[in-house]
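J.: Following this line is my_file10.pdb, made up of PDB, C-alpha atoms, pLDDT in the B column:
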ATOM      1  CA  MET A   1      13.904  11.172  10.333  1.00 57.00           C
ATOM      2  CA  PRO A   2      10.148  10.842   9.830  1.00 59.00           C
ATOM      3  CA  LEU A   3       9.014   8.449   7.121  1.00 62.00           C
ATOM      4  CA  PRO A   4       5.403   9.483   6.421  1.00 59.00           C
ATOM      5  CA  PHE A   5       4.777   6.639   3.974  1.00 54.00           C
ATOM      6  CA  LEU A   6       5.357   4.063   6.724  1.00 55.00           C
ATOM      7  CA  THR A   7       2.407   4.885   8.933  1.00 53.00           C
ATOM      8  CA  ALA A   8      -1.147   5.882   8.444  1.00 52.00           C
ATOM      9  CA  ASP A   9      -2.200   9.082  10.131  1.00 48.00           C
ATOM     10  CA  ARG A  10      -3.011   8.828  13.812  1.00 49.00           C
ATOM     11  CA  ALA A  11      -6.447  10.272  13.107  1.00 48.00           C
ATOM     12  CA  PHE A  12      -7.652   6.798  12.155  1.00 49.00           C
ATOM     13  CA  ASP A  13      -6.868   5.583  15.661  1.00 50.00           C
ATOM     14  CA  ALA A  14      -8.247   8.556  17.536  1.00 47.00           C
ATOM     15  CA  ASN A  15     -11.480   9.003  15.577  1.00 48.00           C
ATOM     16  CA  ASP A  16     -12.982   5.573  14.963  1.00 51.00           C
ATOM     17  CA  ASP A  17     -16.408   7.023  14.162  1.00 49.00           C
ATOM     18  CA  ILE A  18     -15.148   9.507  11.544  1.00 49.00           C
ATOM     19  CA  ALA A  19     -14.440   7.994   8.129  1.00 52.00           C
ATOM     20  CA  LEU A  20     -12.580  10.965   6.650  1.00 55.00           C
ATOM     21  CA  PRO A  21     -10.818  12.559   9.639  1.00 56.00           C
ATOM     22  CA  PHE A  22      -8.382  14.729   7.695  1.00 61.00           C
ATOM     23  CA  ASP A  23      -8.321  18.455   7.146  1.00 64.00           C
ATOM     24  CA  ASP A  24      -6.458  18.232   3.848  1.00 72.00           C
ATOM     25  CA  HIS A  25      -8.175  15.773   1.513  1.00 76.00           C
ATOM     26  CA  ASP A  26      -5.931  16.736  -1.412  1.00 80.00           C
ATOM     27  CA  GLN A  27      -2.915  14.924   0.036  1.00 86.00           C
ATOM     28  CA  TRP A  28      -2.495  11.232  -0.858  1.00 90.00           C
ATOM     29  CA  ARG A  29      -2.917   9.044   2.239  1.00 90.00           C
ATOM     30  CA  ARG A  30      -2.760   5.340   2.941  1.00 90.00           C
ATOM     31  CA  PRO A  31      -5.842   4.469   5.029  1.00 89.00           C
ATOM     32  CA  TYR A  32      -4.016   1.711   6.927  1.00 90.00           C
ATOM     33  CA  ARG A  33      -0.622   0.862   8.349  1.00 90.00           C
ATOM     34  CA  PRO A  34       1.728  -1.428   6.452  1.00 91.00           C
ATOM     35  CA  GLY A  35       1.504  -4.956   7.756  1.00 90.00           C
ATOM     36  CA  PRO A  36       4.218  -6.864   9.606  1.00 90.00           C
ATOM     37  CA  TRP A  37       5.018  -9.024   6.574  1.00 89.00           C
ATOM     38  CA  ARG A  38       5.720  -6.001   4.385  1.00 91.00           C
ATOM     39  CA  VAL A  39       7.755  -4.217   7.049  1.00 93.00           C
ATOM     40  CA  GLY A  40       9.651  -7.431   7.852  1.00 94.00           C
ATOM     41  CA  MET A  41      10.573  -8.012   4.206  1.00 94.00           C
ATOM     42  CA  ALA A  42      11.770  -4.422   3.879  1.00 96.00           C
ATOM     43  CA  ALA A  43      13.789  -4.721   7.094  1.00 97.00           C
ATOM     44  CA  LEU A  44      15.484  -7.866   5.799  1.00 97.00           C
ATOM     45  CA  ALA A  45      16.284  -6.115   2.530  1.00 97.00           C
ATOM     46  CA  LEU A  46      17.795  -3.176   4.423  1.00 97.00           C
ATOM     47  CA  LEU A  47      19.823  -5.601   6.551  1.00 98.00           C
ATOM     48  CA  LEU A  48      21.135  -7.202   3.366  1.00 98.00           C
ATOM     49  CA  ALA A  49      21.934  -3.717   2.009  1.00 98.00           C
ATOM     50  CA  SER A  50      23.987  -2.939   5.123  1.00 97.00           C
ATOM     51  CA  PHE A  51      26.102  -6.051   4.543  1.00 98.00           C
ATOM     52  CA  VAL A  52      26.534  -5.147   0.881  1.00 97.00           C
ATOM     53  CA  LEU A  53      27.611  -1.619   1.871  1.00 97.00           C
ATOM     54  CA  LEU A  54      30.114  -3.110   4.324  1.00 97.00           C
ATOM     55  CA  ALA A  55      31.419  -5.300   1.506  1.00 97.00           C
ATOM     56  CA  ALA A  56      31.748  -2.198  -0.699  1.00 97.00           C
ATOM     57  CA  VAL A  57      33.852  -0.498   1.980  1.00 96.00           C
ATOM     58  CA  ILE A  58      36.087  -3.559   2.319  1.00 97.00           C
ATOM     59  CA  ILE A  59      36.489  -3.794  -1.455  1.00 96.00           C
ATOM     60  CA  ALA A  60      37.328  -0.088  -1.638  1.00 96.00           C
ATOM     61  CA  ALA A  61      39.897  -0.488   1.156  1.00 96.00           C
ATOM     62  CA  ALA A  62      41.483  -3.331  -0.814  1.00 94.00           C
ATOM     63  CA  GLY A  63      41.991  -0.934  -3.702  1.00 88.00           C
ATOM     64  CA  ALA A  64      39.474  -2.255  -6.262  1.00 92.00           C
ATOM     65  CA  LEU A  65      37.469   0.913  -6.810  1.00 93.00           C
ATOM     66  CA  GLY A  66      35.553  -0.456  -9.800  1.00 94.00           C
ATOM     67  CA  GLY A  67      34.303  -3.416  -7.791  1.00 94.00           C
ATOM     68  CA  ALA A  68      33.520  -1.141  -4.842  1.00 95.00           C
ATOM     69  CA  GLY A  69      31.476   1.142  -7.089  1.00 96.00           C
ATOM     70  CA  PHE A  70      29.538  -1.784  -8.504  1.00 97.00           C
ATOM     71  CA  THR A  71      28.878  -3.195  -5.016  1.00 97.00           C
ATOM     72  CA  PHE A  72      27.775   0.229  -3.793  1.00 97.00           C
ATOM     73  CA  GLY A  73      25.386   0.426  -6.772  1.00 97.00           C
ATOM     74  CA  VAL A  74      23.911  -2.964  -5.830  1.00 97.00           C
ATOM     75  CA  ALA A  75      23.378  -1.705  -2.268  1.00 97.00           C
ATOM     76  CA  VAL A  76      21.613   1.409  -3.565  1.00 97.00           C
ATOM     77  CA  LEU A  77      19.319  -0.779  -5.691  1.00 98.00           C
ATOM     78  CA  ILE A  78      18.470  -2.961  -2.673  1.00 98.00           C
ATOM     79  CA  ILE A  79      17.673   0.141  -0.596  1.00 98.00           C
ATOM     80  CA  ALA A  80      15.499   1.575  -3.382  1.00 97.00           C
ATOM     81  CA  ALA A  81      13.644  -1.754  -3.664  1.00 97.00           C
ATOM     82  CA  ALA A  82      13.031  -1.829   0.111  1.00 97.00           C
ATOM     83  CA  LEU A  83      11.647   1.716   0.081  1.00 96.00           C
ATOM     84  CA  ARG A  84       9.439   0.930  -2.918  1.00 95.00           C
ATOM     85  CA  LEU A  85       8.184  -2.158  -1.085  1.00 94.00           C
ATOM     86  CA  LEU A  86       7.125   0.069   1.805  1.00 94.00           C
ATOM     87  CA  ARG A  87       5.294   2.469  -0.570  1.00 93.00           C
ATOM     88  CA  MET A  88       3.215  -0.290  -2.137  1.00 93.00           C
ATOM     89  CA  GLY A  89      -0.487  -0.311  -1.344  1.00 91.00           C
ATOM     90  CA  VAL A  90      -3.653   1.701  -1.796  1.00 93.00           C
ATOM     91  CA  TRP A  91      -3.657   5.480  -1.382  1.00 93.00           C
ATOM     92  CA  VAL A  92      -6.688   7.789  -1.403  1.00 92.00           C
ATOM     93  CA  SER A  93      -7.265  11.496  -1.847  1.00 90.00           C
ATOM     94  CA  ARG A  94      -9.880  13.853  -3.216  1.00 89.00           C
ATOM     95  CA  ALA A  95      -8.471  13.155  -6.693  1.00 89.00           C
ATOM     96  CA  GLY A  96      -9.145   9.420  -6.621  1.00 91.00           C
ATOM     97  CA  VAL A  97      -7.770   6.091  -5.537  1.00 92.00           C
ATOM     98  CA  ARG A  98      -4.208   5.055  -6.328  1.00 93.00           C
ATOM     99  CA  ARG A  99      -2.888   1.497  -6.315  1.00 93.00           C
ATOM    100  CA  THR A 100       0.882   1.529  -6.015  1.00 93.00           C
ATOM    101  CA  GLY A 101       2.635  -1.646  -7.074  1.00 91.00           C
ATOM    102  CA  PHE A 102       6.304  -2.490  -7.083  1.00 92.00           C
ATOM    103  CA  LEU A 103       6.888  -1.440 -10.687  1.00 94.00           C
ATOM    104  CA  ARG A 104       3.877   0.704 -11.599  1.00 94.00           C
ATOM    105  CA  THR A 105       1.239   2.934 -10.119  1.00 93.00           C
ATOM    106  CA  ARG A 106      -2.308   3.325 -11.372  1.00 93.00           C
ATOM    107  CA  THR A 107      -4.649   6.125 -10.385  1.00 92.00           C
ATOM    108  CA  VAL A 108      -8.387   6.076 -10.964  1.00 92.00           C
ATOM    109  CA  PRO A 109     -10.238   9.392 -10.496  1.00 93.00           C
ATOM    110  CA  TRP A 110     -13.355   9.160  -8.313  1.00 90.00           C
ATOM    111  CA  PRO A 111     -15.724  10.221 -11.130  1.00 91.00           C
ATOM    112  CA  LYS A 112     -14.682   7.101 -13.077  1.00 92.00           C
ATOM    113  CA  VAL A 113     -15.414   4.790 -10.130  1.00 91.00           C
ATOM    114  CA  SER A 114     -18.800   3.076 -10.152  1.00 90.00           C
ATOM    115  CA  ALA A 115     -18.428   1.220  -6.846  1.00 90.00           C
ATOM    116  CA  VAL A 116     -15.973   0.005  -4.251  1.00 90.00           C
ATOM    117  CA  ARG A 117     -17.119  -3.199  -2.581  1.00 90.00           C
ATOM    118  CA  THR A 118     -15.853  -6.183  -0.646  1.00 91.00           C
ATOM    119  CA  ALA A 119     -16.222  -9.606  -2.275  1.00 91.00           C
ATOM    120  CA  GLN A 120     -15.565 -13.199  -1.215  1.00 91.00           C
ATOM    121  CA  GLN A 121     -13.326 -14.791  -3.843  1.00 88.00           C
ATOM    122  CA  PRO A 122     -10.072 -16.689  -4.320  1.00 88.00           C
ATOM    123  CA  VAL A 123      -7.162 -14.365  -3.513  1.00 89.00           C
ATOM    124  CA  ARG A 124      -3.410 -14.783  -3.745  1.00 88.00           C
ATOM    125  CA  TRP A 125      -1.626 -15.593  -0.500  1.00 87.00           C
ATOM    126  CA  LEU A 126       1.160 -13.016   0.117  1.00 79.00           C
ATOM    127  CA  GLY A 127       1.213 -12.279  -3.608  1.00 78.00           C
ATOM    128  CA  LEU A 128       2.392 -15.804  -4.420  1.00 81.00           C
ATOM    129  CA  PRO A 129       0.730 -18.000  -7.086  1.00 85.00           C
ATOM    130  CA  ARG A 130      -1.094 -20.029  -4.419  1.00 86.00           C
ATOM    131  CA  THR A 131      -4.725 -18.923  -3.996  1.00 83.00           C
ATOM    132  CA  VAL A 132      -6.929 -19.274  -0.946  1.00 90.00           C
ATOM    133  CA  GLN A 133     -10.512 -18.277  -0.253  1.00 91.00           C
ATOM    134  CA  GLY A 134     -10.637 -14.772   1.180  1.00 90.00           C
ATOM    135  CA  GLN A 135     -11.974 -11.259   0.902  1.00 91.00           C
ATOM    136  CA  ALA A 136     -10.958  -8.679  -1.644  1.00 91.00           C
ATOM    137  CA  LEU A 137     -11.752  -4.994  -1.916  1.00 92.00           C
ATOM    138  CA  MET A 138     -12.826  -4.502  -5.525  1.00 91.00           C
ATOM    139  CA  LEU A 139     -12.938  -1.235  -7.462  1.00 91.00           C
ATOM    140  CA  VAL A 140     -15.556  -1.249 -10.219  1.00 91.00           C
ATOM    141  CA  ARG A 141     -15.229   1.341 -12.985  1.00 90.00           C
ATOM    142  CA  HIS A 142     -18.177   2.709 -14.951  1.00 87.00           C
ATOM    143  CA  GLY A 143     -17.370   0.448 -17.902  1.00 84.00           C
ATOM    144  CA  GLY A 144     -17.657  -2.641 -15.691  1.00 83.00           C
ATOM    145  CA  GLU A 145     -13.913  -3.268 -15.385  1.00 88.00           C
ATOM    146  CA  GLN A 146     -12.982  -4.569 -11.930  1.00 89.00           C
ATOM    147  CA  THR A 147      -9.666  -4.075 -10.181  1.00 88.00           C
ATOM    148  CA  GLN A 148      -8.588  -5.781  -6.976  1.00 87.00           C
ATOM    149  CA  LEU A 149      -7.323  -3.126  -4.550  1.00 88.00           C
ATOM    150  CA  LEU A 150      -6.705  -5.050  -1.317  1.00 90.00           C
ATOM    151  CA  THR A 151      -7.018  -8.612  -0.059  1.00 90.00           C
ATOM    152  CA  ASP A 152      -7.136 -10.007   3.439  1.00 89.00           C
ATOM    153  CA  HIS A 153      -4.242 -12.354   2.571  1.00 90.00           C
ATOM    154  CA  ASN A 154      -1.704  -9.832   1.237  1.00 88.00           C
ATOM    155  CA  SER A 155       1.379  -8.711   3.151  1.00 87.00           C
ATOM    156  CA  ASP A 156      -0.501  -5.871   4.850  1.00 88.00           C
ATOM    157  CA  PHE A 157      -3.470  -7.814   6.212  1.00 90.00           C
ATOM    158  CA  LEU A 158      -2.456 -11.454   6.686  1.00 86.00           C
ATOM    159  CA  SER A 159      -3.817 -12.459  10.132  1.00 85.00           C
ATOM    160  CA  ARG A 160      -5.183  -8.909  10.614  1.00 87.00           C
ATOM    161  CA  VAL A 161      -8.868  -9.253   9.664  1.00 87.00           C
ATOM    162  CA  GLU A 162      -9.946  -6.199  11.668  1.00 91.00           C
ATOM    163  CA  ALA A 163      -7.356  -4.040   9.917  1.00 91.00           C
ATOM    164  CA  PHE A 164      -8.591  -5.230   6.519  1.00 91.00           C
ATOM    165  CA  ASP A 165     -12.213  -4.488   7.434  1.00 91.00           C
ATOM    166  CA  ARG A 166     -11.264  -1.038   8.677  1.00 92.00           C
ATOM    167  CA  ALA A 167      -9.207  -0.224   5.553  1.00 92.00           C
ATOM    168  CA  ALA A 168     -11.992  -1.482   3.271  1.00 91.00           C
ATOM    169  CA  ASP A 169     -14.578   0.603   5.127  1.00 92.00           C
ATOM    170  CA  THR A 170     -12.360   3.664   4.897  1.00 90.00           C
ATOM    171  CA  VAL A 171     -11.792   3.331   1.142  1.00 90.00           C
ATOM    172  CA  GLU A 172     -15.540   2.768   0.679  1.00 91.00           C
ATOM    173  CA  ALA A 173     -16.202   5.937   2.702  1.00 90.00           C
ATOM    174  CA  TRP A 174     -13.815   7.941   0.498  1.00 89.00           C
ATOM    175  CA  ASN A 175     -15.644   6.537  -2.520  1.00 89.00           C
ATOM    176  CA  ALA A 176     -19.023   7.482  -1.098  1.00 88.00           C
ATOM    177  CA  GLU A 177     -17.787  10.999  -0.334  1.00 86.00           C
ATOM    178  CA  TYR A 178     -16.095  11.821  -3.628  1.00 82.00           C
ATOM    179  CA  ALA A 179     -17.642   9.527  -6.242  1.00 73.00           C
ATOM    180  CA  GLY A 180     -21.054  10.467  -4.881  1.00 65.00           C
ATOM    181  CA  ALA A 181     -20.124  14.176  -4.979  1.00 59.00           C
ATOM    182  CA  ALA A 182     -19.097  13.839  -8.610  1.00 55.00           C
ATOM    183  CA  ALA A 183     -22.437  12.229  -9.501  1.00 54.00           C
ATOM    184  CA  ARG A 184     -24.453  15.042  -7.871  1.00 51.00           C
TER     185      ARG A 184
END
Please re-express this file's structure in structure tokens.
T.:
Amino acid sequence: MPLPFLTADRAFDANDDIALPFDDHDQWRRPYRPGPWRVGMAALALLLASFVLLAAVIIAAAGALGGAGFTFGVAVLIIAAALRLLRMGVWVSRAGVRRTGFLRTRTVPWPKVSAVRTAQQPVRWLGLPRTVQGQALMLVRHGGEQTQLLTDHNSDFLSRVEAFDRAADTVEAWNAEYAGAAAR
């Protein structure tokens, strides 16, 4: 079963010199692959869900259908959380840039984007409260409001500096293509 949200399109690997290698720019795409930390956390959550599902089967076999239903519901919630964890990140299309978090998603249309740039600043390490010095891809709106899109210390790019640079360059190229087209 293909899971298109897990991998970036192969066009990024095959065409290093082309920033926007897609035929269909209307489809939302993640310009990078999920990192090993994110995939590992989701795999552990799915492993936990398999044990919870096994417990639900055992509880159902023991005759406690109410407890089995509750345990099955917990397993479904763990699976949904693991899939949402894999969907988190930055997505781009002709419509704009979308930052998908665990609980909410925000989309900014390209005409409202003033700039997308990389900045050296304190960033959170793996999303935890601890901050370290690193790089962040910042989205600047026309009103001056700044939003942090990606960091080189999040679960997608920790110890993958080249992947962060490539993803940042790709998002900047999408910005140049579509924010610049809106200004013309």
J.: Using all atoms listed in the file, pick whichever of A:Ala68, A:Leu44, A:Leu150, A:Val161 has the shortest atom-to-atom distance to A:Arg99.
T.: A:Leu150
J.: Could you list, as number ranges by chain, every residue matched by the PyMOL selection byres ((chain A and resi 48) around 12) in this structure?
T.: A: 41-47, 49-55, 74-79, 81-82
J.: I need the residue nearest A:His25 from this list: A:His153, A:Arg94, A:Arg160, A:Arg166. Use only C-alpha atoms for the distance.
T.: A:Arg94
J.: For the file shown, what are the residues hit by the PyMOL selection byres ((chain A and resi 89) around 9), laid out as number ranges by chain?
T.: A: 30, 34, 85-88, 90-91, 98-101, 149-150, 156
J.: For A:Arg117, list every protein, DNA or RNA residue within 9 Å, evaluated using only C-alpha atoms, and leave out those in the same chain fewer than 3 positions away; present the list as number ranges by chain.
T.: A: 136-140, 168-169, 172
J.: Write the residues of the preceding selection, restricted to C-alpha atoms, as an mmCIF file, in the frame of the given file.
T.:
data_model
loop_
_atom_site.group_PDB
_atom_site.id
_atom_site.type_symbol
_atom_site.label_atom_id
_atom_site.label_comp_id
_atom_site.auth_asym_id
_atom_site.auth_seq_id
_atom_site.Cartn_x
_atom_site.Cartn_y
_atom_site.Cartn_z
ATOM 1 C CA ALA A 136 -10.958 -8.679 -1.644
ATOM 2 C CA LEU A 137 -11.752 -4.994 -1.916
ATOM 3 C CA MET A 138 -12.826 -4.502 -5.525
ATOM 4 C CA LEU A 139 -12.938 -1.235 -7.462
ATOM 5 C CA VAL A 140 -15.556 -1.249 -10.219
ATOM 6 C CA ALA A 168 -11.992 -1.482 3.271
ATOM 7 C CA ASP A 169 -14.578 0.603 5.127
ATOM 8 C CA GLU A 172 -15.540 2.768 0.679
#
J.: Could you expand the PyMOL selection byres ((chain A and resi 175) around 12) into the explicit residues it covers here, written as a PyMOL selection string?
T.: chain A and resi 19-20+92-97+108-117+138-141+168-174+176-183
J.: Taking the structure in the block just given, could you write stretch 87-109 of chain A with N, CA, C and O atoms, as a tab-separated table (two decimals), in the first residue's frame?
T.:
chain	number	residue	atom	x	y	z
A	87	ARG	N	2.59	13.05	8.94
A	87	ARG	CA	2.13	14.12	8.05
A	87	ARG	C	2.68	15.48	8.43
A	87	ARG	O	2.59	16.43	7.64
A	88	MET	N	3.22	15.61	9.62
A	88	MET	CA	3.72	16.90	10.08
A	88	MET	C	4.87	17.38	9.19
A	88	MET	O	5.64	16.59	8.69
A	89	GLY	N	4.95	18.69	9.00
A	89	GLY	CA	6.03	19.27	8.23
A	89	GLY	C	5.56	20.42	7.37
A	89	GLY	O	4.47	20.97	7.56
A	90	VAL	N	6.38	20.76	6.40
A	90	VAL	CA	6.08	21.86	5.48
A	90	VAL	C	5.72	21.29	4.13
A	90	VAL	O	6.41	20.40	3.62
A	91	TRP	N	4.64	21.79	3.55
A	91	TRP	CA	4.14	21.35	2.26
A	91	TRP	C	4.03	22.58	1.36
A	91	TRP	O	3.67	23.66	1.84
A	92	VAL	N	4.31	22.44	0.08
A	92	VAL	CA	4.23	23.55	-0.85
A	92	VAL	C	3.38	23.18	-2.06
A	92	VAL	O	3.29	22.01	-2.42
A	93	SER	N	2.77	24.18	-2.64
A	93	SER	CA	2.05	24.02	-3.90
A	93	SER	C	1.94	25.41	-4.52
A	93	SER	O	2.41	26.40	-3.97
A	94	ARG	N	1.27	25.47	-5.65
A	94	ARG	CA	1.04	26.75	-6.31
A	94	ARG	C	0.20	27.68	-5.43
A	94	ARG	O	0.32	28.89	-5.50
A	95	ALA	N	-0.61	27.11	-4.56
A	95	ALA	CA	-1.50	27.90	-3.70
A	95	ALA	C	-0.75	28.60	-2.58
A	95	ALA	O	-1.19	29.64	-2.11
A	96	GLY	N	0.34	28.02	-2.09
A	96	GLY	CA	1.06	28.63	-1.00
A	96	GLY	C	1.93	27.63	-0.27
A	96	GLY	O	2.29	26.58	-0.80
A	97	VAL	N	2.25	27.98	0.95
A	97	VAL	CA	3.05	27.11	1.81
A	97	VAL	C	2.20	26.72	3.01
A	97	VAL	O	1.47	27.54	3.56
A	98	ARG	N	2.26	25.46	3.37
A	98	ARG	CA	1.43	24.92	4.45
A	98	ARG	C	2.34	24.30	5.50
A	98	ARG	O	3.18	23.47	5.19
A	99	ARG	N	2.15	24.73	6.74
A	99	ARG	CA	2.89	24.14	7.86
A	99	ARG	C	1.91	23.28	8.65
A	99	ARG	O	0.98	23.78	9.28
A	100	THR	N	2.13	21.97	8.61
A	100	THR	CA	1.25	21.03	9.27
A	100	THR	C	1.85	20.64	10.60
A	100	THR	O	2.94	20.07	10.65
A	101	GLY	N	1.15	20.95	11.67
A	101	GLY	CA	1.57	20.56	13.01
A	101	GLY	C	0.78	19.35	13.46
A	101	GLY	O	-0.02	18.78	12.71
A	102	PHE	N	0.99	18.96	14.71
A	102	PHE	CA	0.30	17.79	15.21
A	102	PHE	C	-1.20	18.05	15.37
A	102	PHE	O	-2.02	17.21	15.04
A	103	LEU	N	-1.55	19.24	15.86
A	103	LEU	CA	-2.95	19.54	16.11
A	103	LEU	C	-3.58	20.53	15.13
A	103	LEU	O	-4.79	20.58	15.01
A	104	ARG	N	-2.77	21.33	14.45
A	104	ARG	CA	-3.35	22.30	13.52
A	104	ARG	C	-2.47	22.50	12.31
A	104	ARG	O	-1.27	22.25	12.35
A	105	THR	N	-3.10	22.98	11.27
A	105	THR	CA	-2.42	23.25	10.01
A	105	THR	C	-2.68	24.69	9.62
A	105	THR	O	-3.82	25.16	9.69
A	106	ARG	N	-1.62	25.37	9.20
A	106	ARG	CA	-1.76	26.76	8.75
A	106	ARG	C	-1.23	26.87	7.33
A	106	ARG	O	-0.14	26.39	7.03
A	107	THR	N	-2.01	27.54	6.49
A	107	THR	CA	-1.63	27.75	5.11
A	107	THR	C	-1.50	29.24	4.86
A	107	THR	O	-2.37	30.01	5.24
A	108	VAL	N	-0.40	29.62	4.21
A	108	VAL	CA	-0.18	31.01	3.84
A	108	VAL	C	-0.10	31.07	2.32
A	108	VAL	O	0.78	30.43	1.73
A	109	PRO	N	-1.00	31.80	1.66
A	109	PRO	CA	-0.93	31.92	0.20
A	109	PRO	C	0.34	32.67	-0.21
A	109	PRO	O	0.79	33.57	0.50
